[in-house]
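Colleague: Here it is, the structure, as structure tokens.
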Amino acid sequence: MTQHKNAPQIPGGQRLRGRDRLFKQALQAVERSEPRPIVLVGGAPGVGRTAFVDALADAIDSHRTVLVVRGNADLSAVPLGALAPVMAALPSSGDGAAIIDFHRAVSRPEVVLIVDDAELLDLTSLGVLEQVARAGVASMLVARPSTVTDGRGAAVARLSRHASVVFDLPPLGHNDACAMVKDQLGTSIGAAAADEMVRLAAGSTRTLSELIEASVGICDLADDMGAWRELWPAVSEGLIASLPANPLLASSLVLDVLTVVAVAGELPVEQAGTSGVSEHGTKKAEAAGFVTTRSHDGRIWVELAHPLYRPVLLSRVSEFTRAGFSAAGVDMLDGYPAHRVRRALLQLAAGHPVAPLLLIDLARRELSERRYTTAITLGEHAVAAAGADAALRAAGEYVEAQALSQIGRAREASEHFASAWAAVNSVGDVADRAFIAALAQAEGNHLAFRELRPDVAVSRVESILHRLDDHDRALVESDLAKWRLMSGQGIPVGVEQLALVGPVETPGDLNLLIMTATLQTMGGNLTLAGEAVTRGLAECDRFREVLPNARDLLELNEVLVLSFTSRFTDARAAARRNLARAEKSNPSARGIWKFVLAMIELHGGSPARAWKLITEGRRDLVWRDIAGLLPTADALSAAVAARTGRFAIARSWLDQLTAAEVADPKVELYASLARAWVSAASGRPGFAIRSMGPALHKAVDGGHLYLAAMVAYEAVRIEPVVGATVMLPHLLAARHAFPLAESHARAVIARYDVLPIAKELAEAGLLGPAIDAARWAAEHSNGDLARASLAHRLADSWTVRAGVAMSNRRSQQPRVTPLTDREWQLACGAAAHRTSAELASEFGISVRTVDNHLARIYKKLGITGRRELSAELSELQLDGTYRDYGVDAAASGNK
């Protein structure tokens with residue numbers, strides 16, 4: 001993502017995102033005095049050439065004069081229509097030759113001539129500008145599209161051929177486009193709405209700017225479930241003008257085709273008397289660029305060519321008219337089983353009655369396919385259409401509750417479960433016992449695995465067992481046994497949970513495997529966790545309707561097992577593979593995999609990549625958090641921000657964490673790590689490392705042994721000597737999972753050569769720790785220049801493999817002082833010319849102890865005495881608690 005501080009500004013204060021490198025190069029080229037440059041800025045229509053050129057014009061040295069010529073479609077047939085405003089503002093020589101005055105003005109060394117939208121200039125203006133370019137005595141900046149197809153194309157091409165420097169602006173990347181949205185709309189828009197705006201813009205910066213302008217004042221954009229999800233509400237004249245063509249100006253035949261496709265989605269074209277979109281209208285619409293077609297099922301299918309055509313068209317269609325188009329779409333989709341869901345939704349929009357039972361069947365299908373929004377919509381209509389039929393109403397509430405639970409909206413899911421039970425209880429003993437069993441299983445799993453209250457699940461289900469027959473009771477009691485195990489009830493001594501799971505016959509069996517894998521992964525037997533994952537993956541597809549996210553949760557544990565056994569290369573590859581699969585088939589799981597990859601990159605790779613991943617992953621988790629990771633993602637965001645030197649951002653994230661969230665050991669772990677990096681960068685590494693102790697102990701007590709050990713190892717990276725000494729017990733507790741971490745700590749404590757350990761870390765894919773270890777080995781080579789040079793070369797090669805810029809190596813990691821807290825205090829006092837006796841009296845220690853501390857400080861800093869101490873402390877440039885003390889002490893000492 002483009003950094004905020006590096007993004008240039010355009011007039012008006014807005015930031016030019018994603019162009020900083022090209023902007024610097026173009027500005028250097030324009031400001032070059034000799035030879036006089038002609039700079040050409042190209043790019044596809046809508047890519048943001050005008051904003052780029054305006055920003056360059058604003059940034060040009062104030063001692064230079066900027067003349068701007070702008071193309072205008074309305075004046076393209078008027079000779080000198082574009083140059084007239086510029087020539088009118090120039091001083092006249094008195095002989096009436098305006099063209100000569102123009103040539104004289106632009107040939108002055110301090111003048112820069114900027115030509116925007118060159119393809120819209122009249123031919124006479126183009127001829128004059130070509131003369132200027134051919135003369136080579138003027139500095140020019142020309143902006144035009146990469147292709148010009150009208151009659152002025154040849155003239156624009158001749159002008160462009162004189163360019164000495166050419167820049168083609170690429171479309172904005174997704175992250176830069178989202179940042180552009182956030183720059184202008186701020187907190188009034190949520191991450192999901194920003195992503196939707198970027199999708200609608202389809203790569204056009206101009207369209208995105210118009211979308212942003214039209215969205216000012218819309219109230220629900222910060223709500224991820226707002227009305228904008230169904231239809232984007234912000235449509236303006238400027239937005240329509242930015243599109244490739246205006247669909248509202250199409251002929252009536254084409255407009256009918258576009259409207260029915262906008263309302264109904266992709267539709268077949270009429271063929272051999274079958275119902276479909278007009279073939280003639282489709283051909284005309286495709287020729288105009290409004291639609292695209294494809295062949296499928298022996299028919300031609302048509303859809304809109306631009307995502308914004310739909311909201312533009314629907315903004316002019318009344319509800320009454322829209323119902324008619326929905327009815328037409330229903331007829332055209334008749335007989336296509338693959339479109340049953342869309343057809344049912346169109347029927348509902350047209351006001352046609354749809355059987356509640358069909359709606360429930362379709363909703364269950366959508367639930368199994370992980371299309372939760374559609375499942376919720378169908379469930380709502382099923383409940384509304386059920387009327388007095390309590391059984392159908394209960395089934396609709398059940399589907400809604402399942403879908404809401406899967407997307408992490410636990411409170412709403414609980415409300416719909418309660419409504420389903422109310423409907424079931426209203427019919428008394430005649431209720432379907434099989435449905436009661438399914439409802440009890442679903443709510444129990446929701447309580448046990450989503451709300452983490454297995455004890456409540458046990459009490460709820462025990463209260464309805466008397467209403468079930470023997471077969472259904474056996475199924476529910478099987479799940480009940482699993483929830484009792486989860487709540488710690490009835491586990492025989494010495495028996496592993498996995499041994500209690502027989503054949504996987506119910507969703508509860510699969511859920512227990514998931515929970516077993518999770519618990520064992522965090523702090524138990526990693527071999528047992530692997531077995532649970534293997535068994536679960538073999539069976540999870542059988543229960544897709546009830547547990548659609550089971551595969552992703554099991555694969556999450558699989559990747560964590562790889563990470564907790566130091567196989568970071570395999571873990572990274574597996575997580576990337578799962579992320580690619582989630583992008584295609586299950587967007588609900590994207591946040592999980594970006595979170596996991598961010599964690600892997602933080603602990604074993606590149607913190608810069610971790611920052612990009614956790615920023616994107618948190619946006620996905622805000623929308624759908626199927627594993628309850630959002631609070632941990634907030635804490636991880638703080639840790640990564642601190643690790644990469646973004647201390648203000650880290651403190652902001654830490655301030656947002658609530659007491660309830662910090663109660664989660666995982667959240668507290670990463671929050672403590674974030675605070676440790678902030679403290680270490682302010683000159684307090686000893687305090688920073690020791691401050692992590694309570695969170696580590698709490699995590700271990702809560703069963704998070706391996707995550708605690710992985711975070712504890714970060715202390716060795718903060719300051720090797722103190723970190724290894726303090727954290728060795730935590731690394732020993734998980735030595736079978738992180739043998740290299742233990743070896744590294746022992747080598748540091750015993751003053752062994754850590755370079756062999758660094759090589760082993762690199763071979764295991766832990767490039768971040770390997771780089772840190774090699775740098776430390778180079779700094780502590782005891783004068784062995786050959787060994788120091790080898791360590792630096794290895795660290796540089798691993799840095800390249802990790803994808804970290806060599807020139808930014810120091811800026812990517814906060815600099816820390818090797819001094820402990822007490823040593824820092826004494827060093828500041830000594831630098832302020834205070835005697836050893838004065839320091840001993842102030843800190844309540846002996847003069848000899850002060851002198852011993854100072855000798856150790858001099859050795860750590862590589863200096864010989866007090867005279868060099870002040871300069872060395874100043875060079876550290878630390879912004880910490882003790883800096884004020886040092887400054888005040890120095891001031892008082894100089895009085």
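How things are named: the first chain in the structure tokens is A, the next is B, and so on; residues count from 1 in each chain; ligands count from 1 in the order shown.
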With the cut-off set at 12 Å and counting only C-alpha atoms, tabulate each residue of region 554-603 of chain A with an atom at most that distance from an atom of region 399-423 of chain A, showing the nearest atom pair and its distance in Å to one decimal, ordered by chain and increasing number, as JSON lines.
Modeller:
{"residue": "A:Asn586", "atom": "CA", "partner": "A:Ile407", "partner_atom": "CA", "distance": 11.4}
{"residue": "A:Pro587", "atom": "CA", "partner": "A:Ile407", "partner_atom": "CA", "distance": 10.6}
{"residue": "A:Ser588", "atom": "CA", "partner": "A:Ile407", "partner_atom": "CA", "distance": 7.2}
{"residue": "A:Ala589", "atom": "CA", "partner": "A:Ile407", "partner_atom": "CA", "distance": 9.8}
{"residue": "A:Gly591", "atom": "CA", "partner": "A:Ile407", "partner_atom": "CA", "distance": 11.6}
Colleague: Among region 294-365 of chain A, which ones does DSSP place in helix (DSSP H, G or I), written as a ChimeraX atom specification?
Modeller: /A:309-314,319-333,337-350,356-365
Colleague: Quick one: residues within 10 Å of Thr282 (chain A), only C-alpha atoms counted, chain neighbours fewer than 4 positions away excluded, as JSON, numbers by chain?
Modeller: {"A": [253, 254, 256, 257, 258, 269, 270, 277, 278, 286, 287, 288, 290, 291, 292, 293, 301, 302, 303]}
Colleague: Generate the output file for the selected residues, all heavy atoms, as a tab-separated table (two decimals), in the first residue's frame.
Modeller:
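Result file follows (part-v9.tsv):
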chain	number	residue	atom	x	y	z
A	253	LEU	N	-35.01	0.15	-28.19
A	253	LEU	CA	-34.84	-1.31	-28.26
A	253	LEU	C	-33.65	-1.76	-27.42
A	253	LEU	O	-33.73	-2.72	-26.64
A	253	LEU	CB	-34.65	-1.74	-29.73
A	253	LEU	CG	-34.41	-3.24	-29.96
A	253	LEU	CD1	-35.59	-4.06	-29.49
A	253	LEU	CD2	-34.15	-3.50	-31.45
A	254	VAL	N	-32.53	-1.04	-27.55
A	254	VAL	CA	-31.34	-1.37	-26.77
A	254	VAL	C	-31.58	-1.12	-25.29
A	254	VAL	O	-31.17	-1.91	-24.43
A	254	VAL	CB	-30.12	-0.56	-27.27
A	254	VAL	CG1	-28.93	-0.74	-26.34
A	254	VAL	CG2	-29.75	-0.98	-28.68
A	256	ASP	N	-34.34	-1.34	-23.62
A	256	ASP	CA	-35.13	-2.44	-23.06
A	256	ASP	C	-34.26	-3.65	-22.75
A	256	ASP	O	-34.40	-4.29	-21.71
A	256	ASP	CB	-36.25	-2.84	-24.03
A	256	ASP	CG	-37.41	-1.86	-24.02
A	256	ASP	OD1	-37.48	-1.06	-23.06
A	256	ASP	OD2	-38.22	-1.87	-24.96
A	257	VAL	N	-33.34	-3.96	-23.66
A	257	VAL	CA	-32.42	-5.08	-23.43
A	257	VAL	C	-31.57	-4.82	-22.19
A	257	VAL	O	-31.42	-5.69	-21.32
A	257	VAL	CB	-31.52	-5.30	-24.66
A	257	VAL	CG1	-30.42	-6.32	-24.35
A	257	VAL	CG2	-32.34	-5.78	-25.85
A	258	LEU	N	-31.02	-3.62	-22.10
A	258	LEU	CA	-30.16	-3.29	-20.97
A	258	LEU	C	-30.92	-3.32	-19.65
A	258	LEU	O	-30.42	-3.80	-18.63
A	258	LEU	CB	-29.54	-1.90	-21.17
A	258	LEU	CG	-28.67	-1.71	-22.42
A	258	LEU	CD1	-28.10	-0.30	-22.47
A	258	LEU	CD2	-27.53	-2.72	-22.44
A	269	VAL	N	-30.48	-15.25	-25.00
A	269	VAL	CA	-31.03	-14.52	-26.14
A	269	VAL	C	-32.09	-15.40	-26.80
A	269	VAL	O	-31.96	-16.63	-26.84
A	269	VAL	CB	-29.91	-14.17	-27.14
A	269	VAL	CG1	-30.47	-13.45	-28.37
A	269	VAL	CG2	-28.87	-13.29	-26.45
A	270	GLU	N	-33.15	-14.79	-27.31
A	270	GLU	CA	-34.23	-15.56	-27.93
A	270	GLU	C	-33.69	-16.41	-29.08
A	270	GLU	O	-32.78	-16.00	-29.80
A	270	GLU	CB	-35.31	-14.61	-28.45
A	270	GLU	CG	-34.83	-13.64	-29.53
A	270	GLU	CD	-35.91	-12.69	-29.98
A	270	GLU	OE1	-37.05	-12.84	-29.52
A	270	GLU	OE2	-35.62	-11.79	-30.79
A	277	VAL	N	-34.03	-12.61	-24.53
A	277	VAL	CA	-33.79	-11.21	-24.87
A	277	VAL	C	-33.77	-11.06	-26.39
A	277	VAL	O	-33.32	-11.96	-27.11
A	277	VAL	CB	-32.45	-10.74	-24.26
A	277	VAL	CG1	-32.17	-9.30	-24.60
A	277	VAL	CG2	-32.45	-10.93	-22.76
A	278	SER	N	-34.22	-9.93	-26.86
A	278	SER	CA	-34.27	-9.66	-28.30
A	278	SER	C	-32.90	-9.86	-28.94
A	278	SER	O	-31.90	-9.26	-28.51
A	278	SER	CB	-34.75	-8.23	-28.55
A	278	SER	OG	-34.48	-7.82	-29.86
A	286	GLU	N	-24.43	-4.89	-28.12
A	286	GLU	CA	-23.04	-5.38	-28.09
A	286	GLU	C	-22.16	-4.52	-28.99
A	286	GLU	O	-21.00	-4.23	-28.65
A	286	GLU	CB	-23.00	-6.84	-28.51
A	286	GLU	CG	-21.62	-7.47	-28.34
A	286	GLU	CD	-21.64	-8.96	-28.57
A	286	GLU	OE1	-22.55	-9.46	-29.27
A	286	GLU	OE2	-20.74	-9.66	-28.04
A	287	ALA	N	-22.69	-4.12	-30.14
A	287	ALA	CA	-21.92	-3.26	-31.04
A	287	ALA	C	-21.60	-1.92	-30.38
A	287	ALA	O	-20.53	-1.34	-30.61
A	287	ALA	CB	-22.68	-3.04	-32.33
A	288	ALA	N	-22.50	-1.44	-29.52
A	288	ALA	CA	-22.28	-0.17	-28.83
A	288	ALA	C	-21.44	-0.32	-27.57
A	288	ALA	O	-21.11	0.67	-26.91
A	288	ALA	CB	-23.63	0.46	-28.48
A	290	PHE	N	-22.32	-1.97	-24.76
A	290	PHE	CA	-23.09	-2.01	-23.52
A	290	PHE	C	-23.16	-3.41	-22.90
A	290	PHE	O	-23.32	-3.54	-21.69
A	290	PHE	CB	-24.53	-1.52	-23.76
A	290	PHE	CG	-24.62	-0.05	-24.06
A	290	PHE	CD1	-25.20	0.40	-25.22
A	290	PHE	CD2	-24.12	0.89	-23.17
A	290	PHE	CE1	-25.29	1.75	-25.51
A	290	PHE	CE2	-24.20	2.23	-23.43
A	290	PHE	CZ	-24.79	2.67	-24.60
A	291	VAL	N	-23.08	-4.46	-23.71
A	291	VAL	CA	-23.22	-5.83	-23.20
A	291	VAL	C	-22.12	-6.70	-23.80
A	291	VAL	O	-21.48	-6.34	-24.79
A	291	VAL	CB	-24.60	-6.44	-23.55
A	291	VAL	CG1	-25.72	-5.61	-22.96
A	291	VAL	CG2	-24.78	-6.59	-25.06
A	292	THR	N	-21.92	-7.84	-23.15
A	292	THR	CA	-21.05	-8.90	-23.69
A	292	THR	C	-21.87	-10.18	-23.77
A	292	THR	O	-22.84	-10.36	-23.00
A	292	THR	CB	-19.82	-9.13	-22.82
A	292	THR	OG1	-20.25	-9.47	-21.48
A	292	THR	CG2	-18.95	-7.90	-22.75
A	293	THR	N	-21.51	-11.07	-24.67
A	293	THR	CA	-22.25	-12.33	-24.84
A	293	THR	C	-21.29	-13.51	-24.73
A	293	THR	O	-20.08	-13.37	-24.93
A	293	THR	CB	-22.96	-12.38	-26.19
A	293	THR	OG1	-21.99	-12.24	-27.25
A	293	THR	CG2	-23.99	-11.27	-26.32
A	301	TRP	N	-25.88	-16.22	-24.17
A	301	TRP	CA	-26.27	-15.52	-22.94
A	301	TRP	C	-25.66	-14.12	-22.96
A	301	TRP	O	-24.54	-13.92	-23.44
A	301	TRP	CB	-25.79	-16.28	-21.71
A	301	TRP	CG	-26.51	-17.59	-21.52
A	301	TRP	CD1	-26.36	-18.72	-22.26
A	301	TRP	CD2	-27.53	-17.87	-20.56
A	301	TRP	NE1	-27.21	-19.72	-21.82
A	301	TRP	CE2	-27.93	-19.22	-20.76
A	301	TRP	CE3	-28.13	-17.14	-19.54
A	301	TRP	CZ2	-28.91	-19.82	-19.99
A	301	TRP	CZ3	-29.09	-17.74	-18.77
A	301	TRP	CH2	-29.49	-19.06	-19.00
A	302	VAL	N	-26.39	-13.17	-22.41
A	302	VAL	CA	-25.98	-11.77	-22.49
A	302	VAL	C	-25.92	-11.19	-21.08
A	302	VAL	O	-26.76	-11.50	-20.22
A	302	VAL	CB	-26.96	-10.96	-23.38
A	302	VAL	CG1	-28.37	-11.06	-22.88
A	302	VAL	CG2	-26.55	-9.50	-23.47
A	303	GLU	N	-24.91	-10.33	-20.82
A	303	GLU	CA	-24.79	-9.63	-19.55
A	303	GLU	C	-24.20	-8.26	-19.79
A	303	GLU	O	-23.59	-8.00	-20.84
A	303	GLU	CB	-23.92	-10.41	-18.56
A	303	GLU	CG	-22.49	-10.62	-19.00
A	303	GLU	CD	-21.68	-11.43	-18.01
A	303	GLU	OE1	-22.20	-11.66	-16.90
A	303	GLU	OE2	-20.55	-11.82	-18.34
Colleague: Could you name the residues that touch Ile649 (chain A) at 10 Å or less, counting only C-alpha atoms, but leaving out those on the same chain fewer than 5 positions away, as a ChimeraX atom specification?
Modeller: /A:637-642,654-655
Colleague: So which residues touch region 558-572 of chain A within 7 Å, counting only C-alpha atoms, skipping near sequence neighbours fewer than 6 positions away, as a VMD selection string?
Modeller: chain A and resid 521 526 530 533 597 600 706 737 to 738 764 to 766
Colleague: List the neighbours of Lys698 (chain A) out to 12 Å using only C-alpha atoms; skip same-chain residues closer than 6 positions along the sequence, and give me the result as a ChimeraX atom specification.
Modeller: /A:662-669,672,692,704-705,707-708
